[in-house]
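To keep things clear, I will list the structure first and then write my remarks on it.
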Amino acid sequence: MADLSINIGKLSFRNPVLTASGTFGYGLEYADFIDLSGLGGIVVKGTTLHPREGNDYPRMAETPSGMLNAVGLQNKGADWFTNVIYPTIKDLDTNIIVNVSGSTVEDYVTCAEQMDTLAKIPAIELNISCPNVKQGGMAFGTSCKSAAEVVKAVRKVYHKTLIVKLSPNVTDITEIARTVEAEGADAVSLINTLLGMAIDAEKRKPVLSTVTGGLSGPCIKPVALRMVYQTSKAIKIPIIGMGGIRNWKDAIEFILAGATAIQIGTYNFIDPRVSIKVIEGIHAYLERHGLQSVRELVGGLMV
Amino acid sequence: MKKYLADWTVKENILLRPNYCLIKLGLDSEIPEMLPGQFVQVRIENSPSTFLRRPISIHFVDRRENEIRLLVQLLGEGTRQLAQIKPGDRLNLLYPLGNGFSLPEKNNLDFPVVESPENKPERLLIGGGVGIAPLLYLGFKLSLSGCKPVFLLGAKRKDDLLQLAEFEKYGKVYTTTEDGSYGEKGFVTQHSVLRTGKFDFIYTCGPKPMMQAVAKYARKAAIPCEVSLENTMACGIGACLCCVEKTKKGNICVCTEGPVFNSNQLTWQI
């Protein structure tokens, strides 16, 4: 039996497959289709200190091999998460990671402090890369200075595993990765969505209410793989790779490029069972290649 | 309600018109409970430009045949691919999704079931274009629950009016066409039955301007009205928050808290 377990910071995962924030609700939305305890982890919907209504409809545009979204971090806030959602998911037998976002450094800090008090939330994913909000979000993740500021402030108050989710909408993602590593992040996850847009030629109007939105799905995989590869050369902390993964082969590619774990996002919409299939596929791959542990494969690309 | 993910077998795929098909799907096991107004998310294979599943409303559930029927308008590459599937092919569905229309037994206090056949309350089901799809199963279920469904179906022209004989099995059918090629000329909201009939509930599904006109009529006439929305969606199960509709409670998902809404819940300017 090949060993699928991995560690990120102080946290151990039974396998390297997590579901990505914003594509998996709070996990329970998928409970009819898969055994959630089979997952390495679930990164739940982006949570902000205060409730957010999100952007106006339309928020979605399909593209060949992908989709654009402009949800804009709709969520009912950290208190609602703590009081209403947390009790329903805290006993799931998997790592529940909260994706934390904000408009100001103070908001990130207060939200992270609140998550720090929740015993069954062993990690947060700091979202400094949401392209769909006017204030904060991606703005924090596109300059080293602001990324350093928010990660440093959150690191002071957050004592568990701190993952920072990086934006691909930058000139050099490795600079941001180095910065957040220096400020004490335990891991980075990448990539968030790529900024894109869709136009309705007949109406001569943008499809999304926000004009631009975040592109995800298999179409972004080559970009994501390249960024994971480059980042793995630049930092020592673990990388959680994501971007267009739809099967075990994609997942293995990310691991070879340097990811310790991976997240599956948009493809959950096409196949709600994809995450479990990927876990099975990784296992079969390890057996076929005579490997004892998935850890042997991390960064194992032969260039 | 428990949701399922399974492959169904295509029993028949009938091209009703050049741009509409009726797909009959069978399941190896017993079909779970499905409510009128609910929908399925169909996975589309072999269509490179189609990435997401396609939400399609449940046109009819035939328990004797253990089959469901989907009425599909062929609009883009994804739905056109559905027109190509053949008996014996498999189709992967997520189901049943959404909330469904209100039926009288669930609203005993507001809408008591009247036993005497003459006094059966009449409920008006107004459909436009392919929006008629969920109204067939709704009409069938209403006819079983002490109501008399009356159908008012509208389309651009005669060729876009579908399944009329099916609807006639469960209630009186009135029609309008915009070009006057069948039924009364004009929009559904101009049909004479709205002046002559007496209805205690209105259900509607179709283009948004039509549903807004129907909701406006219902509000003026003080008749409860449910509308079925078809906002573009990705996941269909409340995970992505793409299909939201602005309501008096804020932005809520059409896929889980809809697609059926009481028109009073919405913020339509009507």
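Labels for the structure tokens follow display order: chains A, B, ..., residues from 1 in each chain, ligands from 1.
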Write out as an mmCIF file with C-alpha atoms, in the first residue's frame the set of residues from stretch 30-255 of chain B that DSSP, computed on the backbone, places in strand (DSSP E or B).
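Once written, result_13.cif looks like this:
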data_model
loop_
_atom_site.group_PDB
_atom_site.id
_atom_site.type_symbol
_atom_site.label_atom_id
_atom_site.label_comp_id
_atom_site.auth_asym_id
_atom_site.auth_seq_id
_atom_site.Cartn_x
_atom_site.Cartn_y
_atom_site.Cartn_z
ATOM 1 C CA PHE B 39 -34.262 20.149 -12.701
ATOM 2 C CA VAL B 40 -31.333 17.955 -13.608
ATOM 3 C CA GLN B 41 -27.767 18.908 -14.548
ATOM 4 C CA VAL B 42 -26.811 17.054 -17.699
ATOM 5 C CA ARG B 54 -26.539 21.988 -18.679
ATOM 6 C CA PRO B 55 -29.452 22.566 -16.315
ATOM 7 C CA ILE B 56 -32.638 21.143 -17.857
ATOM 8 C CA SER B 57 -36.012 21.099 -16.151
ATOM 9 C CA ILE B 58 -37.849 17.845 -15.620
ATOM 10 C CA HIS B 59 -40.627 17.742 -18.221
ATOM 11 C CA PHE B 60 -42.302 14.600 -16.915
ATOM 12 C CA VAL B 61 -41.704 11.665 -14.612
ATOM 13 C CA ASP B 62 -43.388 8.460 -15.757
ATOM 14 C CA GLU B 67 -38.432 7.156 -17.014
ATOM 15 C CA ILE B 68 -38.083 10.903 -17.036
ATOM 16 C CA ARG B 69 -38.511 13.171 -20.014
ATOM 17 C CA LEU B 70 -36.555 16.271 -20.872
ATOM 18 C CA LEU B 71 -37.765 18.850 -23.354
ATOM 19 C CA VAL B 72 -34.739 20.586 -24.781
ATOM 20 C CA GLN B 73 -34.469 23.650 -26.962
ATOM 21 C CA ARG B 90 -25.778 6.927 -21.523
ATOM 22 C CA LEU B 91 -26.316 10.381 -20.098
ATOM 23 C CA ASN B 92 -24.829 11.410 -16.764
ATOM 24 C CA LEU B 93 -27.244 13.408 -14.589
ATOM 25 C CA LEU B 94 -27.118 15.209 -11.250
ATOM 26 C CA TYR B 95 -30.660 15.139 -9.831
ATOM 27 C CA PRO B 96 -33.132 16.139 -8.552
ATOM 28 C CA LEU B 97 -32.068 19.758 -8.066
ATOM 29 C CA GLU B 122 -58.497 26.128 -10.877
ATOM 30 C CA ARG B 123 -54.825 26.857 -11.103
ATOM 31 C CA LEU B 124 -53.328 28.603 -14.095
ATOM 32 C CA LEU B 125 -50.048 27.364 -15.532
ATOM 33 C CA ILE B 126 -48.547 29.910 -17.921
ATOM 34 C CA GLY B 127 -45.629 28.852 -20.080
ATOM 35 C CA GLY B 128 -43.680 30.605 -22.809
ATOM 36 C CA LYS B 148 -57.844 21.590 -11.921
ATOM 37 C CA PRO B 149 -54.842 22.751 -13.933
ATOM 38 C CA VAL B 150 -55.508 25.167 -16.769
ATOM 39 C CA PHE B 151 -52.653 25.679 -19.206
ATOM 40 C CA LEU B 152 -51.946 28.910 -21.049
ATOM 41 C CA LEU B 153 -49.056 28.335 -23.413
ATOM 42 C CA GLY B 154 -47.491 31.009 -25.575
ATOM 43 C CA ALA B 155 -44.941 31.020 -28.338
ATOM 44 C CA LYS B 172 -57.793 22.688 -20.630
ATOM 45 C CA VAL B 173 -55.168 24.236 -22.881
ATOM 46 C CA TYR B 174 -55.240 27.819 -24.149
ATOM 47 C CA THR B 175 -52.621 29.149 -26.507
ATOM 48 C CA THR B 176 -51.255 32.364 -27.918
ATOM 49 C CA THR B 177 -48.785 33.035 -30.695
ATOM 50 C CA GLU B 184 -55.086 33.926 -29.848
ATOM 51 C CA LYS B 185 -52.705 36.465 -31.348
ATOM 52 C CA PHE B 201 -52.920 30.260 -8.029
ATOM 53 C CA ILE B 202 -50.650 31.041 -10.986
ATOM 54 C CA TYR B 203 -47.444 29.273 -11.923
ATOM 55 C CA THR B 204 -45.246 30.552 -14.701
ATOM 56 C CA CYS B 205 -42.081 29.617 -16.530
ATOM 57 C CA CYS B 225 -47.829 33.540 -8.240
ATOM 58 C CA GLU B 226 -44.784 31.334 -8.510
ATOM 59 C CA VAL B 227 -42.150 31.904 -11.180
ATOM 60 C CA SER B 228 -39.374 29.576 -12.271
ATOM 61 C CA VAL B 244 -27.869 34.242 -7.669
ATOM 62 C CA GLU B 245 -31.064 36.239 -7.968
ATOM 63 C CA LYS B 246 -31.567 39.439 -6.035
ATOM 64 C CA THR B 247 -34.389 38.865 -3.581
ATOM 65 C CA GLY B 250 -30.439 39.414 -0.576
ATOM 66 C CA ASN B 251 -28.634 37.433 -3.267
ATOM 67 C CA ILE B 252 -29.687 33.804 -3.119
ATOM 68 C CA CYS B 253 -28.922 30.801 -5.300
#
| message | Give me, as a ChimeraX atom specification, all polymer residues having an atom no more than 12 Å from A:Met302, counting only C-alpha atoms and skipping those fewer than 4 positions away in the same chain. | response | /A:229,253,256-258,297-298
| Any idea which chain A residues end up within 9 Å of chain B if we count only C-alpha atoms, as a PyMOL selection string please? | chain A and resi 22-27+29-30+32-33+45+53-67+69-71+74+217+266-273
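Of the residues under consideration (B:Ser143, B:Asn19, B:Thr9, B:Ser102), B:Ser102 shows the shortest atom-to-atom contact distance to B:Pro259 when counting only C-alpha atoms.
Atom CA of A:Met115 to atom CA of A:Thr48 spans 10.8 Å [interatomic distance, one decimal].
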